[in-house]
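What follows is model_32.cif (mmCIF, C-alpha atoms).
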```cif
data_query
loop_
_atom_site.label_atom_id
_atom_site.label_comp_id
_atom_site.auth_asym_id
_atom_site.auth_seq_id
_atom_site.Cartn_x
_atom_site.Cartn_y
_atom_site.Cartn_z
CA MET A 845 40.22 57.53 137.10
CA ILE A 846 40.38 58.98 133.59
CA LYS A 847 41.26 55.50 132.35
CA ARG A 848 38.16 54.02 134.00
CA ALA A 849 35.98 56.69 132.40
CA LEU A 850 37.55 56.08 128.98
CA ILE A 851 36.98 52.32 129.30
CA LEU A 852 33.35 52.95 130.29
CA ILE A 853 32.88 55.22 127.27
CA VAL A 854 34.43 52.66 124.89
CA VAL A 855 32.28 49.83 126.28
CA ALA A 856 29.16 52.00 126.13
CA VAL A 857 29.82 53.00 122.50
CA ALA A 858 30.45 49.37 121.55
CA GLY A 859 27.26 48.32 123.30
CA TRP A 860 25.27 51.03 121.52
CA PHE A 861 26.64 49.90 118.13
CA LEU A 862 25.82 46.27 118.89
CA ILE A 863 22.28 47.05 120.05
CA SER A 864 21.54 49.18 117.00
CA PHE A 865 23.01 46.46 114.77
CA THR A 866 21.02 43.61 116.30
CA ALA A 867 17.87 45.75 116.26
CA SER A 868 18.37 46.57 112.59
CA VAL A 869 18.63 42.93 111.50
CA PRO A 870 15.07 41.68 111.14
CA GLU A 871 14.12 38.09 111.81
CA GLN A 872 13.68 36.67 108.33
CA GLU A 873 10.64 34.79 107.17
CA THR A 874 12.06 33.26 103.99
CA LEU A 875 15.51 32.29 102.81
CA PRO A 876 17.56 34.88 100.91
CA LEU A 877 18.10 34.17 97.21
CA LEU A 878 21.71 32.99 97.63
CA ALA A 879 20.80 30.60 100.46
CA GLU A 880 17.92 29.23 98.40
CA GLN A 881 20.38 28.48 95.60
CA TYR A 882 22.73 26.80 98.05
CA VAL A 883 19.92 24.63 99.46
CA SER A 884 18.53 23.54 96.10
CA GLN A 885 21.91 23.03 94.38
CA GLY A 886 23.57 21.51 97.43
CA ALA A 887 20.89 18.83 97.53
CA GLY A 888 20.52 18.54 93.77
CA ARG A 889 23.77 18.87 91.89
CA VAL A 890 26.24 18.32 94.73
CA GLY A 891 24.09 15.68 96.44
CA SER A 892 25.06 16.47 100.02
CA ALA A 893 22.32 16.09 102.65
CA ASN A 894 24.13 18.48 105.01
CA ILE A 895 23.99 21.84 103.21
CA VAL A 896 26.53 23.44 105.55
CA THR A 897 29.05 20.81 104.45
CA ALA A 898 28.21 21.49 100.81
CA VAL A 899 28.90 25.20 101.39
CA VAL A 900 32.13 24.59 103.34
CA VAL A 901 33.66 21.96 101.05
CA THR A 902 32.32 22.77 97.60
CA PHE A 903 30.79 26.23 97.15
CA ARG A 904 33.36 27.91 99.38
CA GLY A 905 36.08 25.30 99.18
CA LEU A 906 38.76 27.90 98.61
CA ASP A 907 37.90 29.51 101.97
CA THR A 908 38.32 26.13 103.64
CA LEU A 909 41.69 25.63 101.97
CA GLY A 910 42.73 29.04 103.30
CA GLU A 911 41.44 28.10 106.74
CA VAL A 912 43.49 24.89 106.75
CA ALA A 913 46.49 27.01 105.72
CA VAL A 914 45.89 29.43 108.61
CA LEU A 915 45.67 26.50 111.01
CA PHE A 916 48.94 25.14 109.63
CA ILE A 917 50.69 28.49 110.02
CA ALA A 918 49.44 28.83 113.59
CA THR A 919 50.69 25.32 114.35
CA ALA A 920 54.05 26.15 112.82
CA GLY A 921 54.24 29.35 114.86
CA ILE A 922 53.45 27.50 118.09
CA GLY A 923 56.06 24.86 117.28
CA PHE A 924 58.64 27.52 116.48
CA LEU A 925 57.98 29.55 119.64
CA MET A 926 58.04 26.55 121.96
CA ARG A 927 60.96 24.75 120.36
CA LEU A 928 63.31 27.68 120.99
CA ASP A 929 64.40 26.45 124.37
CA THR A 930 63.13 22.93 124.83
CA ASP A 931 66.26 21.15 123.66
CA LYS A 932 68.43 22.66 126.38
CA GLY A 933 65.85 22.11 129.11
CA LYS A 934 65.99 18.81 130.92
CA ARG A 935 62.94 16.58 130.83
CA ARG A 936 60.96 16.68 134.02
CA THR A 937 59.90 13.39 135.53
CA ARG A 938 56.14 13.25 135.79
CA THR A 939 54.17 11.68 138.57
CA PRO A 940 52.27 8.70 137.20
CA ALA A 941 48.54 9.11 136.63
CA SER A 942 46.06 7.31 138.84
CA GLU A 943 45.10 3.69 138.19
CA LEU A 944 41.60 4.82 137.21
CA LEU A 945 42.85 7.22 134.50
CA GLN A 946 45.35 4.72 133.11
CA THR A 947 42.86 1.85 132.81
CA GLY A 948 40.03 4.09 131.63
CA SER A 949 42.16 5.74 128.95
CA GLY A 950 43.24 2.38 127.57
CA PHE A 951 39.60 1.49 127.13
CA LEU A 952 38.43 4.90 125.84
CA ILE A 953 41.17 6.03 123.43
CA PRO A 954 40.33 3.57 120.60
CA LEU A 955 36.63 4.34 120.95
CA ILE A 956 37.22 8.11 120.82
CA ILE A 957 39.41 7.78 117.72
CA LEU A 958 36.75 5.60 116.09
CA PHE A 959 34.11 8.22 116.94
CA GLY A 960 36.26 10.95 115.37
CA VAL A 961 36.62 8.93 112.18
CA TYR A 962 32.84 8.35 112.18
CA ILE A 963 32.23 12.11 112.50
CA PHE A 964 34.40 13.07 109.55
CA LEU A 965 33.23 10.21 107.33
CA HIS A 966 29.58 11.23 107.88
CA GLY A 967 30.23 14.96 107.47
CA HIS A 968 27.95 15.17 104.43
CA LEU A 969 25.06 13.37 106.17
CA THR A 970 25.00 14.48 109.80
CA PRO A 971 26.17 17.50 111.80
CA GLY A 972 29.94 17.31 111.93
CA GLY A 973 32.79 17.05 109.50
CA GLY A 974 36.53 17.15 109.15
CA PHE A 975 37.23 19.87 111.68
CA GLN A 976 35.03 18.38 114.39
CA GLY A 977 36.31 14.86 113.76
CA GLY A 978 39.91 16.06 113.83
CA VAL A 979 39.35 17.79 117.19
CA VAL A 980 37.78 14.60 118.61
CA ILE A 981 40.84 12.58 117.52
CA ALA A 982 43.12 15.18 119.11
CA SER A 983 41.15 14.87 122.35
CA ALA A 984 41.95 11.13 122.40
CA VAL A 985 45.64 11.98 122.13
CA LEU A 986 45.25 14.54 124.93
CA LEU A 987 43.80 11.78 127.12
CA MET A 988 46.82 9.63 126.27
CA LEU A 989 49.24 12.45 127.14
CA LEU A 990 47.52 12.87 130.50
CA ALA A 991 47.43 9.18 131.33
CA ARG A 992 50.91 7.99 130.35
CA THR A 993 54.03 9.10 132.15
CA ASP A 994 56.26 8.93 129.10
CA PRO A 995 54.13 9.08 125.97
CA ARG A 996 55.98 8.87 122.68
CA ILE A 997 54.35 10.30 119.59
CA ASN A 998 55.75 9.16 116.28
CA HIS A 999 56.71 12.49 114.71
CA THR A 1000 57.62 11.03 111.31
CA MET A 1001 54.17 9.48 111.09
CA LEU A 1002 52.51 12.71 112.25
CA ARG A 1003 54.38 14.80 109.71
CA ALA A 1004 53.67 12.29 106.92
CA VAL A 1005 49.93 12.21 107.67
CA GLU A 1006 49.73 15.99 107.83
CA SER A 1007 51.65 16.78 104.66
CA LEU A 1008 50.18 13.92 102.61
CA SER A 1009 46.59 14.83 103.52
CA GLY A 1010 47.26 18.47 102.68
CA ALA A 1011 48.86 17.52 99.35
CA PHE A 1012 46.01 15.16 98.44
CA TYR A 1013 43.48 17.88 99.34
CA VAL A 1014 45.08 20.31 96.89
CA GLY A 1015 45.45 17.45 94.37
CA ILE A 1016 41.71 16.73 94.49
CA GLY A 1017 41.11 20.45 94.02
CA VAL A 1018 43.23 20.44 90.87
CA LEU A 1019 41.40 17.29 89.67
CA GLY A 1020 38.17 19.27 89.99
CA LEU A 1021 39.72 21.92 87.75
CA ILE A 1022 40.47 19.28 85.09
CA LEU A 1023 37.46 16.93 85.32
CA ALA A 1024 34.67 19.22 86.58
CA ALA A 1025 33.71 22.87 86.60
CA GLY A 1026 36.43 24.40 88.75
CA PHE A 1027 38.99 24.23 91.55
CA LEU A 1028 37.75 22.05 94.46
CA ASP A 1029 34.57 21.07 92.58
CA SER A 1030 33.37 17.89 94.31
CA ARG A 1031 31.59 16.52 91.24
CA ILE A 1032 34.61 14.54 90.02
CA LEU A 1033 32.89 11.49 91.57
CA PRO A 1034 29.20 10.63 90.95
CA ALA A 1035 26.74 12.39 93.25
CA GLY A 1036 24.88 9.19 94.20
CA THR A 1037 21.59 9.12 96.08
CA LEU A 1038 20.93 11.80 98.68
CA GLY A 1039 21.63 10.47 102.16
CA ALA A 1040 23.81 7.46 101.25
CA LEU A 1041 27.31 7.16 102.73
CA ALA A 1042 28.93 6.98 99.28
CA SER A 1043 27.30 10.11 97.89
CA ALA A 1044 28.02 13.80 97.36
CA GLY A 1045 30.93 13.22 94.98
CA ALA A 1046 34.33 13.90 96.49
CA ILE A 1047 33.01 15.56 99.67
CA PRO A 1048 33.58 12.52 101.98
CA VAL A 1049 37.12 12.14 100.59
CA ILE A 1050 37.93 15.84 101.02
CA TYR A 1051 36.44 15.96 104.50
CA SER A 1052 38.35 12.84 105.56
CA LEU A 1053 41.58 14.45 104.38
CA ILE A 1054 40.70 17.65 106.26
CA GLY A 1055 39.92 15.56 109.35
CA LEU A 1056 43.30 13.83 109.22
CA LYS A 1057 45.10 17.13 108.63
CA VAL A 1058 43.32 19.01 111.42
CA GLY A 1059 43.73 16.05 113.77
CA SER A 1060 47.47 15.73 113.16
CA GLU A 1061 47.97 19.51 113.45
CA LEU A 1062 46.16 19.67 116.78
CA VAL A 1063 48.07 16.61 118.00
CA SER A 1064 51.33 18.35 117.18
CA ILE A 1065 50.15 21.49 119.06
CA LEU A 1066 49.32 19.34 122.09
CA ASP A 1067 52.63 17.51 121.85
CA THR A 1068 54.59 20.78 121.63
CA LEU A 1069 52.82 22.27 124.64
CA HIS A 1070 53.19 19.03 126.58
CA ASN A 1071 56.92 18.75 125.96
CA ALA A 1072 57.65 22.39 126.68
CA GLU A 1073 56.97 22.65 130.38
CA MET B 1082 16.49 40.98 117.15
CA THR B 1083 16.58 37.51 118.62
CA ALA B 1084 17.55 36.18 122.03
CA VAL B 1085 20.72 34.66 120.54
CA SER B 1086 21.93 37.98 119.13
CA ILE B 1087 21.24 39.73 122.46
CA ILE B 1088 23.27 37.08 124.31
CA GLY B 1089 26.03 37.46 121.71
CA SER B 1090 26.09 41.25 122.23
CA ILE B 1091 26.27 40.82 126.00
CA LEU B 1092 29.18 38.39 125.60
CA ILE B 1093 31.03 40.82 123.32
CA ILE B 1094 30.61 43.64 125.84
CA ILE B 1095 31.76 41.42 128.73
CA GLY B 1096 34.82 40.32 126.75
CA LEU B 1097 35.67 43.89 125.72
CA TRP B 1098 35.38 45.07 129.31
CA GLY B 1099 37.61 42.20 130.44
CA MET B 1100 40.23 42.94 127.78
CA LEU B 1101 40.35 46.64 128.72
CA THR B 1102 40.34 46.42 132.51
CA LYS B 1103 42.33 43.29 133.32
CA LYS B 1104 46.09 43.49 133.73
CA ASN B 1105 46.89 39.78 133.52
CA ILE B 1106 47.70 38.65 129.97
CA VAL B 1107 45.93 35.31 130.43
CA LYS B 1108 42.77 37.15 131.48
CA ILE B 1109 43.05 39.37 128.40
CA ILE B 1110 43.23 36.23 126.26
CA ILE B 1111 40.12 34.89 128.03
CA GLY B 1112 38.38 38.18 127.22
CA PHE B 1113 39.33 37.74 123.58
CA SER B 1114 37.83 34.24 123.60
CA ILE B 1115 34.58 35.57 125.07
CA ILE B 1116 34.38 38.24 122.34
CA ASP B 1117 35.00 35.49 119.78
CA THR B 1118 32.09 33.42 121.10
CA GLY B 1119 29.79 36.44 121.11
CA ILE B 1120 30.65 37.21 117.46
CA HIS B 1121 29.89 33.59 116.53
CA LEU B 1122 26.47 33.81 118.20
CA ILE B 1123 25.63 37.05 116.38
CA ILE B 1124 26.67 35.64 112.98
CA VAL B 1125 24.58 32.50 113.55
CA SER B 1126 21.59 34.58 114.64
CA VAL B 1127 21.74 36.62 111.40
CA GLY B 1128 21.01 33.46 109.37
CA TYR B 1129 18.00 32.38 111.42
CA ILE B 1130 14.69 31.88 109.62
CA ARG B 1131 11.58 31.98 111.78
CA GLY B 1132 10.51 28.41 112.56
CA GLY B 1133 13.49 27.09 110.60
CA THR B 1134 15.33 23.84 111.24
CA ALA B 1135 18.94 22.75 110.65
CA PRO B 1136 19.89 22.66 106.94
CA ILE B 1137 20.30 18.90 106.85
CA LEU B 1138 17.90 17.58 104.27
CA ASP B 1139 15.99 14.34 103.97
CA SER B 1140 12.52 13.52 102.68
CA THR B 1141 10.75 14.89 105.75
CA VAL B 1142 12.39 18.34 105.85
CA ASP B 1143 10.59 21.22 104.14
CA ARG B 1144 13.24 22.92 101.98
CA ALA B 1145 11.75 26.37 102.49
CA ARG B 1146 11.93 26.01 106.29
CA VAL B 1147 15.66 25.54 106.85
CA VAL B 1148 17.95 28.24 108.22
CA ASP B 1149 20.51 30.01 106.04
CA PRO B 1150 23.53 27.63 105.74
CA LEU B 1151 26.05 30.33 104.86
CA PRO B 1152 26.47 31.97 108.33
CA SER B 1153 26.76 28.51 109.88
CA ALA B 1154 29.54 27.62 107.45
CA LEU B 1155 31.34 30.90 108.20
CA VAL B 1156 31.09 30.26 111.95
CA LEU B 1157 32.45 26.75 111.45
CA THR B 1158 35.49 28.39 109.86
CA ALA B 1159 35.72 31.08 112.54
CA ILE B 1160 35.66 28.59 115.43
CA VAL B 1161 38.68 26.70 114.09
CA ILE B 1162 40.61 29.91 113.38
CA GLY B 1163 39.69 31.16 116.87
CA LEU B 1164 41.07 27.97 118.39
CA ALA B 1165 44.37 28.37 116.50
CA ILE B 1166 44.70 32.06 117.38
CA THR B 1167 43.93 31.42 121.06
CA ALA B 1168 46.56 28.68 121.21
CA LEU B 1169 49.11 30.99 119.54
CA MET B 1170 48.34 33.81 121.99
CA LEU B 1171 48.70 31.47 124.97
CA VAL B 1172 52.09 30.34 123.66
CA TYR B 1173 53.15 33.99 123.39
CA ALA B 1174 52.04 34.47 126.99
CA VAL B 1175 54.08 31.44 128.08
CA GLN B 1176 57.15 32.80 126.27
CA LEU B 1177 56.70 36.27 127.78
CA HIS B 1178 56.50 34.75 131.23
CA ARG B 1179 59.57 32.66 130.56
CA LYS B 1180 61.69 35.54 129.28
CA ARG B 1181 60.59 38.32 131.63
CA GLY B 1182 58.94 36.48 134.51
CA SER B 1183 55.77 38.55 134.49
CA LEU B 1184 52.28 38.19 133.09
CA ASP B 1185 51.30 41.75 134.05
CA ILE B 1186 50.65 43.82 130.93
CA THR B 1187 51.88 47.00 132.66
CA ALA B 1188 55.36 45.45 133.00
CA TYR B 1189 55.76 45.59 129.21
CA LYS B 1190 56.36 49.18 128.19
CA GLU B 1191 58.10 48.66 124.84
CA LEU B 1192 54.98 49.44 122.82
CA LYS B 1193 54.32 52.68 124.71
CA CYS B 1194 55.80 55.75 123.13
#
```
Target encoding C-alpha cells, full file:
Amino acid sequence: MIKRALILIVVAVAGWFLISFTASVPEQETLPLLAEQYVSQGAGRVGSANIVTAVVVTFRGLDTLGEVAVLFIATAGIGFLMRLDTDKGKRRTRTPASELLQTGSGFLIPLIILFGVYIFLHGHLTPGGGFQGGVVIASAVLLMLLARTDPRINHTMLRAVESLSGAFYVGIGVLGLILAAGFLDSRILPAGTLGALASAGAIPVIYSLIGLKVGSELVSILDTLHNAE
Amino acid sequence: MTAVSIIGSILIIIGLWGMLTKKNIVKIIIGFSIIDTGIHLIIVSVGYIRGGTAPILDSTVDRARVVDPLPSALVLTAIVIGLAITALMLVYAVQLHRKRGSLDITAYKELKC
C-alpha cells in the first residue's frame, strides 16, 4: 500500500515537472542563431542539402564517432554475454519455414539490401543516412535468418567489413585534420553543386562507411541472438 | 507547448509507471523503451519552428522556414543508442532467466541491503 502511494507520488512529481517544462518552452517563430548558422553553412560551405546530415556528420562528427563506438561496445557486450554458454549447448534443429516465406525472402532480400545502400548513399540529399541504411540491411539479414533453416553468416567477412569501415572512418577524420580545418571535416573533397549525388565533400563516403559499420554490427547482434537459443 | 511535447510527456509518464509497478523484467524493459520514445518526441518538439518544414534544402524551400536541425540530429543519435541499450538489456534478461530461471524482479534480492 505504501509502495503504491510512493509510486503515485513519484509519477505525479515527474508529470508535474514535465508539464511545467513543456509549458515553459515556447513555440518558436524564428530559428535560433546557432541553427541559422548550421542552415546557411551546411548548405553553403559543406554543400549538403540535408542539414541534419551536415550536423550529424560534419559539425558534430565527433559525437557520431562516439555513437558508433557506443554501438560497437554494446554489440561486443551482447556477443560476450551470449557466447558464454553457446559452445557447450547443442544446436537445435529448426522447423523449416513455409514455402511462402522461403520464396518471398529469396525475391525480397536483394531488393531490401539495395534499398539500404540507396538510403545511405543519398543521406546528404534525402531523409535517411548511414544508421537508417544499416538498419534496413540488417532487416534483410533478419528475413534470411527467419526463412532459412540453417543460415550461415560469414563471420570473417562480417568482422572485416566492420573493422575496415571503422578504421576508414577514423582515417577520413584524420585526413580532415591534415587537409581541411579539423578532425572529421568533410571538406577534403570538393563541395560540388547542392543536390547532386557527388556533392557535400566526404559526407557520402563517411555515411556509407557508417552504414556498413552499423549494418554489420546489427547483423552480428542478430546472429548472436539467433544462435543462442 | 505543442501536441508533440504533450504526447511525449504522456509517454514518459506511462513508461515510468510501467517501470515502477511491473514485476516482470521484460515489461520493465518495455517501460524503458516507452520513456525513450517520449524523450525523443520532446526533444524533437523543442526544435519546432511554427510553420516550419524539414531542413532539407532545395531551390523551393525558404531557408528561414525550416525547423531547427540540431534536435533532430541529437534524436537520430539517441534512437541508435536506445536500440543498442535495449538489445543489451534484453540479453541481460535472457541471461538472468537462464541462470536463475526467473524473470520476476522480486526474486533478485542481491541489490537490496
For this session: Give me the result of the PyMOL selection byres ((chain B) within 6 of (chain A)) on this file, residue by residue, as a PyMOL selection string.
Result: chain B and resi 1082+1130-1131+1136-1138+1149-1150+1154+1165+1169
Selection under test: the PyMOL selection byres ((chain B and resi 1103-1112) around 12); residues as a PDB file with C-alpha atoms, in the coordinates of the input:
```
ATOM      1  CA  ARG A 848      38.160  54.020 134.000  1.00  0.00           C
ATOM      2  CA  ILE A 851      36.980  52.320 129.300  1.00  0.00           C
TER       3      ILE A 851
ATOM      4  CA  LEU B1092      29.180  38.390 125.600  1.00  0.00           C
ATOM      5  CA  ILE B1093      31.030  40.820 123.320  1.00  0.00           C
ATOM      6  CA  ILE B1094      30.610  43.640 125.840  1.00  0.00           C
ATOM      7  CA  ILE B1095      31.760  41.420 128.730  1.00  0.00           C
ATOM      8  CA  GLY B1096      34.820  40.320 126.750  1.00  0.00           C
ATOM      9  CA  LEU B1097      35.670  43.890 125.720  1.00  0.00           C
ATOM     10  CA  TRP B1098      35.380  45.070 129.310  1.00  0.00           C
ATOM     11  CA  GLY B1099      37.610  42.200 130.440  1.00  0.00           C
ATOM     12  CA  MET B1100      40.230  42.940 127.780  1.00  0.00           C
ATOM     13  CA  LEU B1101      40.350  46.640 128.720  1.00  0.00           C
ATOM     14  CA  THR B1102      40.340  46.420 132.510  1.00  0.00           C
ATOM     15  CA  PHE B1113      39.330  37.740 123.580  1.00  0.00           C
ATOM     16  CA  SER B1114      37.830  34.240 123.600  1.00  0.00           C
ATOM     17  CA  ILE B1115      34.580  35.570 125.070  1.00  0.00           C
ATOM     18  CA  ILE B1116      34.380  38.240 122.340  1.00  0.00           C
ATOM     19  CA  ASP B1117      35.000  35.490 119.780  1.00  0.00           C
ATOM     20  CA  THR B1118      32.090  33.420 121.100  1.00  0.00           C
ATOM     21  CA  GLY B1119      29.790  36.440 121.110  1.00  0.00           C
ATOM     22  CA  GLY B1163      39.690  31.160 116.870  1.00  0.00           C
ATOM     23  CA  LEU B1164      41.070  27.970 118.390  1.00  0.00           C
ATOM     24  CA  ILE B1166      44.700  32.060 117.380  1.00  0.00           C
ATOM     25  CA  THR B1167      43.930  31.420 121.060  1.00  0.00           C
ATOM     26  CA  ALA B1168      46.560  28.680 121.210  1.00  0.00           C
ATOM     27  CA  LEU B1169      49.110  30.990 119.540  1.00  0.00           C
ATOM     28  CA  MET B1170      48.340  33.810 121.990  1.00  0.00           C
ATOM     29  CA  LEU B1171      48.700  31.470 124.970  1.00  0.00           C
ATOM     30  CA  VAL B1172      52.090  30.340 123.660  1.00  0.00           C
ATOM     31  CA  TYR B1173      53.150  33.990 123.390  1.00  0.00           C
ATOM     32  CA  ALA B1174      52.040  34.470 126.990  1.00  0.00           C
ATOM     33  CA  VAL B1175      54.080  31.440 128.080  1.00  0.00           C
ATOM     34  CA  GLN B1176      57.150  32.800 126.270  1.00  0.00           C
ATOM     35  CA  LEU B1177      56.700  36.270 127.780  1.00  0.00           C
ATOM     36  CA  HIS B1178      56.500  34.750 131.230  1.00  0.00           C
ATOM     37  CA  SER B1183      55.770  38.550 134.490  1.00  0.00           C
ATOM     38  CA  LEU B1184      52.280  38.190 133.090  1.00  0.00           C
ATOM     39  CA  ASP B1185      51.300  41.750 134.050  1.00  0.00           C
ATOM     40  CA  ILE B1186      50.650  43.820 130.930  1.00  0.00           C
ATOM     41  CA  THR B1187      51.880  47.000 132.660  1.00  0.00           C
ATOM     42  CA  ALA B1188      55.360  45.450 133.000  1.00  0.00           C
ATOM     43  CA  TYR B1189      55.760  45.590 129.210  1.00  0.00           C
TER      44      TYR B1189
END
```
Exercise. What does the distance from CA of Ala1004 (chain A) to CA of Ile1160 (chain B) come to in Å, to one decimal?
Worked result: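 CA of Ile1160 (chain B) lies 25.7 Å from CA of Ala1004 (chain A).
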Exercise. Selected by the PyMOL selection byres ((chain A and resi 999) around 12) in the shown coordinates: which residues, as a PyMOL selection string?
Worked result: chain A and resi 996-998+1000-1006+1060-1061+1063-1065+1067-1068
For this session: Quick one: pull the distance between CA of Leu1028 (chain A) and CA of Val1127 (chain B), Å, one decimal.
Result: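 Between CA of Leu1028 (chain A) and CA of Val1127 (chain B) the gap is 27.5 Å.
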For this session: Grab the CA of Ser949 (chain A) to CA of Gly977 (chain A) distance for me, in Å with one decimal place.
Result: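 The value is 18.7 Å.
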Written coordinates, N, CA and C atoms of region 852-869 of chain A as a CSV table (one decimal), in the first residue's frame:
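Output contents, as saved in out_15.csv:
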```csv
chain,number,residue,atom,x,y,z
A,852,LEU,N,2.8,6.5,-6.9
A,852,LEU,CA,1.9,7.5,-7.4
A,852,LEU,C,2.5,8.9,-7.2
A,853,ILE,N,3.2,9.1,-6.0
A,853,ILE,CA,3.8,10.4,-5.8
A,853,ILE,C,4.9,10.7,-6.8
A,854,VAL,N,5.8,9.6,-7.0
A,854,VAL,CA,6.9,9.8,-8.0
A,854,VAL,C,6.3,10.1,-9.3
A,855,VAL,N,5.3,9.4,-9.8
A,855,VAL,CA,4.8,9.6,-11.1
A,855,VAL,C,4.1,11.0,-11.2
A,856,ALA,N,3.5,11.4,-10.1
A,856,ALA,CA,2.8,12.8,-10.1
A,856,ALA,C,3.9,13.9,-10.2
A,857,VAL,N,5.0,13.7,-9.4
A,857,VAL,CA,6.0,14.7,-9.4
A,857,VAL,C,6.7,14.8,-10.8
A,858,ALA,N,6.9,13.6,-11.4
A,858,ALA,CA,7.5,13.6,-12.7
A,858,ALA,C,6.6,14.3,-13.7
A,859,GLY,N,5.3,14.0,-13.6
A,859,GLY,CA,4.3,14.6,-14.5
A,859,GLY,C,4.3,16.1,-14.4
A,860,TRP,N,4.4,16.6,-13.1
A,860,TRP,CA,4.3,18.0,-12.9
A,860,TRP,C,5.6,18.7,-13.5
A,861,PHE,N,6.8,18.0,-13.3
A,861,PHE,CA,8.0,18.6,-13.9
A,861,PHE,C,7.8,18.7,-15.4
A,862,LEU,N,7.3,17.6,-16.0
A,862,LEU,CA,7.2,17.5,-17.5
A,862,LEU,C,6.3,18.6,-18.0
A,863,ILE,N,5.1,18.8,-17.3
A,863,ILE,CA,4.1,19.7,-17.7
A,863,ILE,C,4.7,21.1,-17.6
A,864,SER,N,5.4,21.4,-16.5
A,864,SER,CA,6.0,22.8,-16.4
A,864,SER,C,7.1,23.0,-17.4
A,865,PHE,N,7.8,21.9,-17.7
A,865,PHE,CA,8.9,22.1,-18.7
A,865,PHE,C,8.3,22.4,-20.1
A,866,THR,N,7.3,21.5,-20.5
A,866,THR,CA,6.7,21.7,-21.9
A,866,THR,C,6.0,23.0,-21.9
A,867,ALA,N,5.4,23.5,-20.8
A,867,ALA,CA,4.7,24.8,-20.9
A,867,ALA,C,5.7,25.9,-21.0
A,868,SER,N,6.9,25.7,-20.4
A,868,SER,CA,7.9,26.8,-20.4
A,868,SER,C,8.6,27.0,-21.7
A,869,VAL,N,8.6,25.9,-22.6
A,869,VAL,CA,9.3,26.1,-23.9
A,869,VAL,C,8.3,26.7,-24.9
```
